[in-house]
file final38.tsv (TSV, C-alpha atoms and all ligand atoms)
chain	number	residue	atom	x	y	z
A	1	MET	CA	-2.54	30.77	43.99
A	2	SER	CA	-1.30	33.46	41.57
A	3	LEU	CA	0.71	35.15	44.29
A	4	ALA	CA	2.25	31.82	45.30
A	5	LEU	CA	3.33	31.22	41.69
A	6	LEU	CA	4.86	34.68	41.47
A	7	SER	CA	6.64	34.26	44.82
A	8	ALA	CA	8.21	31.02	43.65
A	9	ARG	CA	9.66	32.87	40.67
A	10	LEU	CA	10.53	36.29	42.17
A	11	GLY	CA	10.75	35.85	45.93
A	12	LYS	CA	8.06	36.92	48.39
A	13	ARG	CA	8.80	40.62	48.61
A	14	GLN	CA	9.17	41.37	44.89
A	15	ALA	CA	6.16	39.18	44.09
A	16	ALA	CA	3.95	41.11	46.54
A	17	LEU	CA	4.97	44.43	44.95
A	18	GLU	CA	4.49	43.28	41.37
A	19	TYR	CA	1.16	41.63	42.23
A	20	GLN	CA	-0.15	44.96	43.52
A	21	TRP	CA	0.98	46.74	40.33
A	22	MET	CA	-0.69	44.10	38.16
A	23	LYS	CA	-3.92	44.39	40.16
A	24	ARG	CA	-3.91	48.15	39.63
A	25	ALA	CA	-3.03	48.00	35.90
A	26	LYS	CA	-5.61	49.53	33.57
A	27	SER	CA	-5.43	46.63	31.15
A	28	PRO	CA	-7.98	44.31	29.54
A	29	VAL	CA	-5.59	41.41	30.29
A	30	SER	CA	-6.73	39.28	33.24
A	31	LEU	CA	-4.67	39.14	36.41
A	32	GLU	CA	-4.17	35.42	35.91
A	33	GLU	CA	-2.75	35.92	32.42
A	34	MET	CA	-0.45	38.69	33.68
A	35	VAL	CA	0.92	36.41	36.38
A	36	ASN	CA	1.41	33.54	33.93
A	37	ARG	CA	3.32	35.81	31.53
A	38	ARG	CA	5.49	37.12	34.36
A	39	VAL	CA	6.19	33.59	35.62
A	40	ALA	CA	7.22	32.68	32.05
A	41	GLY	CA	9.84	35.43	32.26
A	42	GLU	CA	8.25	38.38	30.44
A	43	PRO	CA	9.45	41.76	31.76
A	44	LEU	CA	6.91	43.40	34.06
A	45	GLN	CA	6.93	46.63	32.03
A	46	TYR	CA	5.60	44.85	28.93
A	47	ILE	CA	2.85	43.24	30.98
A	48	LEU	CA	1.82	46.57	32.52
A	49	GLU	CA	2.18	48.18	29.05
A	50	GLU	CA	3.67	51.35	30.49
A	51	GLN	CA	6.72	52.68	32.25
A	52	PRO	CA	7.35	55.95	34.09
A	53	PHE	CA	10.08	58.10	32.54
A	54	GLY	CA	10.57	61.20	34.68
A	55	PRO	CA	7.07	62.57	35.20
A	56	LEU	CA	5.85	60.97	31.94
A	57	SER	CA	4.10	57.66	31.52
A	58	ILE	CA	5.51	55.95	28.43
A	59	LYS	CA	3.45	53.34	26.61
A	60	LEU	CA	5.28	50.07	25.92
A	61	ARG	CA	4.98	47.02	23.69
A	62	PRO	CA	7.48	44.28	22.89
A	63	PRO	CA	9.93	44.28	21.18
A	64	VAL	CA	10.54	48.04	21.59
A	65	LEU	CA	13.28	48.62	24.17
A	66	ILE	CA	12.09	49.30	27.73
A	67	PRO	CA	13.45	52.73	28.75
A	68	ARG	CA	16.08	52.38	31.47
A	69	PRO	CA	16.46	54.53	34.64
A	70	GLU	CA	20.00	55.61	33.67
A	71	THR	CA	18.62	57.09	30.41
A	72	GLU	CA	15.96	58.97	32.35
A	73	GLU	CA	18.61	60.37	34.68
A	74	TRP	CA	20.92	61.81	32.00
A	75	THR	CA	17.99	63.18	29.99
A	76	ILE	CA	16.82	65.16	33.03
A	77	ARG	CA	20.38	66.40	33.61
A	78	LEU	CA	20.65	67.43	29.97
A	79	ALA	CA	17.38	69.38	30.16
A	80	GLU	CA	18.72	71.21	33.22
A	81	LEU	CA	21.88	72.14	31.31
A	82	LEU	CA	20.05	73.67	28.36
A	83	ARG	CA	18.77	77.22	28.69
A	84	PRO	CA	17.27	77.77	25.26
A	85	THR	CA	16.44	81.29	24.18
A	86	ARG	CA	15.12	80.16	20.80
A	87	MET	CA	13.60	77.04	19.27
A	88	LEU	CA	16.08	74.12	19.36
A	89	SER	CA	16.12	71.60	16.54
A	90	VAL	CA	16.62	68.24	18.25
A	91	LEU	CA	17.50	64.92	16.58
A	92	ASP	CA	17.23	61.67	18.56
A	93	LEU	CA	18.96	58.72	16.86
A	94	GLY	CA	17.46	55.30	17.70
A	95	THR	CA	14.41	56.78	19.39
A	96	GLY	CA	12.61	53.57	20.49
A	97	THR	CA	9.54	54.63	22.50
A	98	GLY	CA	10.52	58.28	21.95
A	99	CYS	CA	11.27	58.60	25.67
A	100	ILE	CA	14.31	60.93	25.36
A	101	PRO	CA	12.84	63.63	23.08
A	102	LEU	CA	9.45	63.40	24.82
A	103	LEU	CA	11.02	64.06	28.22
A	104	LEU	CA	12.97	66.99	26.74
A	105	CYS	CA	9.70	68.34	25.28
A	106	HIS	CA	8.13	68.04	28.73
A	107	LEU	CA	11.00	69.59	30.70
A	108	LEU	CA	11.98	72.48	28.42
A	109	PRO	CA	9.86	75.62	28.06
A	110	ALA	CA	6.98	75.47	25.57
A	111	GLY	CA	7.86	76.51	22.05
A	112	MET	CA	11.59	75.76	22.49
A	113	VAL	CA	11.82	72.17	21.15
A	114	ARG	CA	11.15	70.80	17.69
A	115	ALA	CA	12.33	67.19	17.94
A	116	HIS	CA	12.62	64.38	15.42
A	117	GLY	CA	13.34	60.78	16.37
A	118	ILE	CA	14.84	58.25	13.95
A	119	ASP	CA	14.34	54.53	14.25
A	120	ILE	CA	14.85	51.63	11.87
A	121	SER	CA	12.06	49.62	13.51
A	122	PRO	CA	8.49	50.22	12.27
A	123	ALA	CA	7.18	48.94	15.65
A	124	ALA	CA	9.24	51.57	17.47
A	125	VAL	CA	8.16	54.39	15.16
A	126	LYS	CA	4.48	53.47	15.57
A	127	LEU	CA	4.80	53.33	19.37
A	128	ALA	CA	6.79	56.58	19.51
A	129	GLY	CA	4.02	58.25	17.49
A	130	GLU	CA	1.42	56.99	19.97
A	131	ASN	CA	3.54	58.27	22.85
A	132	ALA	CA	3.86	61.68	21.18
A	133	VAL	CA	0.05	61.91	21.11
A	134	LEU	CA	-0.39	60.58	24.67
A	135	CYS	CA	2.19	63.02	26.07
A	136	GLY	CA	0.69	65.93	24.11
A	137	PHE	CA	3.66	66.66	21.82
A	138	SER	CA	2.61	65.27	18.44
A	139	ALA	CA	3.55	67.52	15.54
A	140	SER	CA	0.47	68.80	13.72
A	141	PRO	CA	0.83	69.32	9.95
A	142	ALA	CA	-0.13	72.98	10.37
A	143	GLY	CA	2.59	73.46	12.98
A	144	ASN	CA	2.22	75.54	16.10
A	145	ALA	CA	5.27	77.51	17.20
A	146	SER	CA	4.03	77.85	20.78
A	147	ARG	CA	4.23	74.09	21.50
A	148	ASN	CA	7.10	71.65	21.82
A	149	THR	CA	6.76	68.87	19.27
A	150	PHE	CA	8.16	65.43	18.53
A	151	ARG	CA	7.88	63.50	15.26
A	152	PRO	CA	9.24	59.94	14.88
A	153	ILE	CA	10.49	58.87	11.44
A	154	GLN	CA	11.44	55.45	10.11
A	155	ALA	CA	14.95	55.48	8.68
A	156	SER	CA	18.40	54.07	9.32
A	157	PHE	CA	21.04	56.54	10.43
A	158	LEU	CA	23.67	54.06	9.24
A	159	ASP	CA	22.50	54.77	5.69
A	160	PRO	CA	25.30	56.80	4.04
A	161	PHE	CA	22.65	59.10	2.52
A	162	PHE	CA	20.91	59.79	5.85
A	163	PRO	CA	19.05	62.14	6.18
A	164	HIS	CA	17.39	61.90	2.77
A	165	LYS	CA	15.57	65.08	1.74
A	166	HIS	CA	12.21	63.25	1.64
A	167	LEU	CA	12.38	62.54	5.40
A	168	GLY	CA	11.65	66.20	6.03
A	169	ILE	CA	14.38	66.69	8.62
A	170	ASN	CA	16.85	69.34	7.75
A	171	PRO	CA	20.19	70.00	9.40
A	172	PRO	CA	21.60	71.98	11.13
A	173	PHE	CA	20.65	70.62	14.54
A	174	ASP	CA	21.16	72.22	17.96
A	175	LEU	CA	21.00	69.01	19.94
A	176	VAL	CA	21.68	65.41	18.91
A	177	THR	CA	20.82	62.71	21.46
A	178	SER	CA	21.18	58.97	21.22
A	179	ASN	CA	20.99	55.84	23.28
A	180	PRO	CA	22.15	53.59	20.44
A	181	PRO	CA	22.52	49.81	20.48
A	182	TYR	CA	25.83	49.30	22.28
A	183	ILE	CA	26.03	45.69	23.45
A	184	SER	CA	29.07	43.84	22.12
A	185	TRP	CA	28.88	40.31	20.83
A	186	SER	CA	30.41	38.77	23.97
A	187	GLU	CA	28.07	40.75	26.24
A	188	TYR	CA	25.04	39.84	24.13
A	189	LEU	CA	25.75	36.16	24.72
A	190	GLY	CA	25.70	36.81	28.49
A	191	LEU	CA	22.38	38.74	28.63
A	192	SER	CA	19.45	37.25	30.54
A	193	THR	CA	16.65	35.60	28.57
A	194	GLU	CA	14.30	38.23	30.04
A	195	VAL	CA	16.12	40.64	27.73
A	196	THR	CA	16.99	38.49	24.70
A	197	HIS	CA	13.60	36.76	24.38
A	198	TYR	CA	11.55	39.96	24.51
A	199	GLU	CA	13.62	42.99	23.45
A	200	ASP	CA	14.56	43.53	19.82
A	201	PRO	CA	18.19	42.43	19.15
A	202	LYS	CA	18.41	45.43	16.78
A	203	ALA	CA	17.89	47.66	19.82
A	204	LEU	CA	20.76	46.04	21.69
A	205	PHE	CA	23.55	44.77	19.46
A	206	GLY	CA	26.10	47.43	18.56
A	207	GLY	CA	28.49	45.38	16.44
A	208	PRO	CA	31.38	43.10	17.47
A	209	ASP	CA	32.84	45.62	19.94
A	210	GLY	CA	29.55	47.49	20.54
A	211	LEU	CA	30.91	50.71	19.01
A	212	ASP	CA	29.49	50.65	15.43
A	213	PHE	CA	26.81	53.26	16.13
A	214	TYR	CA	29.21	55.71	17.80
A	215	HIS	CA	31.41	55.69	14.69
A	216	ALA	CA	28.29	56.46	12.62
A	217	ILE	CA	27.13	59.26	14.96
A	218	ALA	CA	30.59	60.84	15.02
A	219	ALA	CA	30.77	60.73	11.21
A	220	LEU	CA	27.32	62.35	10.98
A	221	VAL	CA	28.03	65.21	13.37
A	222	ALA	CA	31.40	65.76	11.68
A	223	ARG	CA	29.63	66.62	8.41
A	224	LYS	CA	29.76	70.25	7.40
A	225	GLY	CA	26.48	71.96	8.27
A	226	PHE	CA	25.06	69.09	10.35
A	227	LEU	CA	25.30	70.97	13.67
A	228	ASN	CA	24.72	74.59	14.52
A	229	PRO	CA	27.57	76.39	16.28
A	230	GLY	CA	27.31	75.62	19.99
A	231	ALA	CA	25.34	72.42	19.42
A	232	VAL	CA	25.33	69.66	22.03
A	233	VAL	CA	25.72	65.94	21.28
A	234	ALA	CA	24.79	63.55	24.12
A	235	VAL	CA	25.12	59.78	23.77
A	236	GLU	CA	24.57	57.01	26.28
A	237	VAL	CA	27.36	54.41	26.40
A	238	GLY	CA	27.99	50.94	27.83
A	239	HIS	CA	29.70	50.77	31.23
A	240	ASP	CA	33.23	50.41	29.76
A	241	GLN	CA	32.89	52.40	26.52
A	242	ALA	CA	33.02	56.08	27.55
A	243	ASP	CA	36.76	56.62	27.01
A	244	ARG	CA	36.69	54.92	23.61
A	245	VAL	CA	33.64	56.95	22.55
A	246	GLN	CA	35.41	60.16	23.61
A	247	ASP	CA	38.32	59.11	21.36
A	248	ILE	CA	35.96	58.41	18.46
A	249	PHE	CA	34.40	61.89	18.82
A	250	ARG	CA	37.85	63.49	19.05
A	251	THR	CA	39.39	61.71	16.08
A	252	THR	CA	36.35	61.57	13.76
A	253	ALA	CA	34.49	64.78	14.61
A	254	ASN	CA	37.26	66.85	16.20
A	255	ILE	CA	35.07	67.63	19.20
A	256	GLU	CA	35.96	67.42	22.87
A	257	SER	CA	33.51	65.89	25.31
A	258	GLU	CA	32.89	65.23	28.96
A	259	ILE	CA	31.72	62.08	30.69
A	260	TRP	CA	28.73	61.97	33.04
A	261	LEU	CA	28.40	59.26	35.67
A	262	ASP	CA	25.09	57.52	36.27
A	263	PRO	CA	23.58	57.17	39.78
A	264	TRP	CA	25.56	53.92	40.19
A	265	LYS	CA	28.86	55.78	39.45
A	266	LYS	CA	29.28	54.15	36.03
A	267	LYS	CA	30.56	56.28	33.13
A	268	ARG	CA	27.24	56.46	31.29
A	269	THR	CA	26.97	59.49	29.02
A	270	VAL	CA	29.41	61.24	26.69
A	271	VAL	CA	28.43	64.86	26.15
A	272	ALA	CA	30.17	66.90	23.48
A	273	ARG	CA	29.72	70.58	22.81
A	274	THR	CA	30.80	72.44	19.73
A	275	ARG	CA	32.52	75.74	20.30
A	276	SER	CA	30.01	78.46	21.18
A	277	THR	CA	27.26	77.49	23.62
A	278	ILE	CA	23.50	77.38	23.12
A	279	GLU	CA	22.86	78.47	26.70
A	301	LIG	C1	19.05	51.01	22.87
A	301	LIG	S1	17.58	51.32	21.96
A	301	LIG	C2	17.17	52.92	22.59
A	301	LIG	C3	15.73	53.27	22.53
A	301	LIG	C4	15.36	54.58	23.27
A	301	LIG	N1	16.10	55.70	22.76
A	301	LIG	C5	15.62	54.43	24.75
A	301	LIG	O1	16.58	55.03	25.26
A	301	LIG	O2	14.85	53.70	25.41
A	301	LIG	C6	18.23	51.65	20.36
A	301	LIG	C7	17.21	51.93	19.26
A	301	LIG	O3	17.94	52.12	18.03
A	301	LIG	C8	17.18	51.57	16.97
A	301	LIG	N2	18.09	51.29	15.84
A	301	LIG	C9	18.91	50.23	15.66
A	301	LIG	N3	19.58	50.35	14.51
A	301	LIG	C10	19.19	51.52	13.94
A	301	LIG	C11	19.52	52.19	12.74
A	301	LIG	N4	20.43	51.70	11.90
A	301	LIG	N5	18.91	53.36	12.47
A	301	LIG	C12	17.96	53.87	13.31
A	301	LIG	N6	17.62	53.28	14.47
A	301	LIG	C13	18.22	52.12	14.79
A	301	LIG	C14	16.53	50.33	17.57
A	301	LIG	O4	15.40	49.92	16.83
A	301	LIG	C15	16.21	50.83	18.99
A	301	LIG	O5	14.89	51.35	19.06

call {"tool": "encode", "arguments": {"input": "final38.tsv", "output": "structure tokens"}}
result
Amino acid sequence: MSLALLSARLGKRQAALEYQWMKRAKSPVSLEEMVNRRVAGEPLQYILEEQPFGPLSIKLRPPVLIPRPETEEWTIRLAELLRPTRMLSVLDLGTGTGCIPLLLCHLLPAGMVRAHGIDISPAAVKLAGENAVLCGFSASPAGNASRNTFRPIQASFLDPFFPHKHLGINPPFDLVTSNPPYISWSEYLGLSTEVTHYEDPKALFGGPDGLDFYHAIAALVARKGFLNPGAVVAVEVGHDQADRVQDIFRTTANIESEIWLDPWKKKRTVVARTRSTIE
């Protein structure tokens, strides 16, 4: 009966796959309730309460954004690019589940990453903290230089006084990453209800043209002393935004950048490097 309901909603093949995943889920939620939620349109990842991100399993809860495969892909590529010879101070803006800094912590050698993740959403910060513990990278108060660590912090990076001293994150940074909200108003109106009913609009909407957060990031990294020489700034962008984001970085921060394509050949990531390299 459950499988028939799912098939009516998703088609036979997809329903069979998802049914197997639900049966295998380590969750106190009954199979029947899972199917009903899925039939009502809830994303599968929220029902399963986890999502693979590279080799990591990331815990999930609505309304925190579900990590996307394109984000996973550029994060892995970024980790391959970095060849740290000393501890890198990493700042992830709009951290959500913490997936980007956690994957960097996992992929880079131990003792080379001290990451902080900023998010305006208390739900995201709580979940990112849980993920830091689950993935083995939570920052202990005593500190331990031989481990990679990630600490999420609630704050808005649109705040003109960001980062306040009391947040305990001190520039300069060696790596700034962000997958900020970048959906424009017209695109937001066209999103499926599977997205708009479950994922936080604050995680999606990037202002009328979708570019508000890139202006803020460029202004931040342009500040004197915000980046170390040779720092890298990597931001995910919407499918038609890469050229405009390159312009914003050039005009606001005076830094040149390159564009990385995602596996579907879309211009997905703008990667800027300041003059000397950290490799
Ligand atoms: C597109 S989601 C990305 C989440 C995660 N980095 C990922 O790739 O899955 C953007 C995140 O930015 C956060 N955010 C929105 N406005 C913010 C602000 N002003 N300051 C800090 N974080 C913000 C949202 O809460 C959301 O978690």

call {"tool": "residues_around", "arguments": {"input": "final38.tsv", "residues": "Pro201 of chain A", "least_positions_apart": "4", "cutoff": "12 Å", "atoms": "all atoms listed in the file", "output": "list in words"}}
result
Pro62, Pro63, Val64, Leu65, Ser121, Pro180, Pro181, Tyr182, Ile183, Ser184, Trp185, Tyr188, Leu189, Leu191, Thr193, Val195, Thr196, His197, Phe205, Gly206 and Gly207 of chain A

call {"tool": "write_last_selection", "arguments": {"input": "final38.tsv", "atoms": "C-alpha atoms", "output": "short mmCIF file (atom, residue, chain, number, x, y, z; two decimals), in the frame of the given file"}}
result
data_model
loop_
_atom_site.label_atom_id
_atom_site.label_comp_id
_atom_site.auth_asym_id
_atom_site.auth_seq_id
_atom_site.Cartn_x
_atom_site.Cartn_y
_atom_site.Cartn_z
CA PRO A 62 7.48 44.28 22.89
CA PRO A 63 9.93 44.28 21.18
CA VAL A 64 10.54 48.04 21.59
CA LEU A 65 13.28 48.62 24.17
CA SER A 121 12.06 49.62 13.51
CA PRO A 180 22.15 53.59 20.44
CA PRO A 181 22.52 49.81 20.48
CA TYR A 182 25.83 49.30 22.28
CA ILE A 183 26.03 45.69 23.45
CA SER A 184 29.07 43.84 22.12
CA TRP A 185 28.88 40.31 20.83
CA TYR A 188 25.04 39.84 24.13
CA LEU A 189 25.75 36.16 24.72
CA LEU A 191 22.38 38.74 28.63
CA THR A 193 16.65 35.60 28.57
CA VAL A 195 16.12 40.64 27.73
CA THR A 196 16.99 38.49 24.70
CA HIS A 197 13.60 36.76 24.38
CA PHE A 205 23.55 44.77 19.46
CA GLY A 206 26.10 47.43 18.56
CA GLY A 207 28.49 45.38 16.44
#

call {"tool": "residues_around", "arguments": {"input": "final38.tsv", "residues": "Gly41 of chain A", "least_positions_apart": "3", "cutoff": "7 Å", "atoms": "all atoms listed in the file", "output": "short mmCIF file (atom, residue, chain, number, x, y, z; two decimals) with C-alpha atoms, keeping the file's coordinate frame"}}
result
data_model
loop_
_atom_site.label_atom_id
_atom_site.label_comp_id
_atom_site.auth_asym_id
_atom_site.auth_seq_id
_atom_site.Cartn_x
_atom_site.Cartn_y
_atom_site.Cartn_z
CA ARG A 37 3.32 35.81 31.53
CA ARG A 38 5.49 37.12 34.36
CA GLU A 194 14.30 38.23 30.04
#

call {"tool": "residues_near_ligand", "arguments": {"input": "final38.tsv", "ligand": "ligand LIG 301 (chain A)", "cutoff": "8 Å", "atoms": "only C-alpha atoms and all ligand atoms", "output": "number ranges by chain"}}
result
A: 64-68, 71, 92-100, 118-121, 124, 154-159, 178-182, 200, 202-204, 213

call {"tool": "closest_residue", "arguments": {"input": "final38.tsv", "among": "A:Glu80, A:Arg13, A:Met34, A:Leu104", "to": "Phe53 of chain A", "atoms": "only C-alpha atoms"}}
result
A:Leu104

call {"tool": "closest_residue", "arguments": {"input": "final38.tsv", "among": "A:Arg114, A:Pro263, A:Glu42, A:Gly11", "to": "Glu72 of chain A", "atoms": "all atoms listed in the file"}}
result
A:Pro263

call {"tool": "atom_distance", "arguments": {"input": "final38.tsv", "atom1": "atom CA of Leu78 of chain A", "atom2": "atom CA of Ile255 of chain A"}}
result
18.0 Å

call {"tool": "closest_residue", "arguments": {"input": "final38.tsv", "among": "A:Arg61, A:Arg244, A:Lys266, A:Lys224", "to": "Glu49 of chain A", "atoms": "all atoms listed in the file"}}
result
A:Arg61
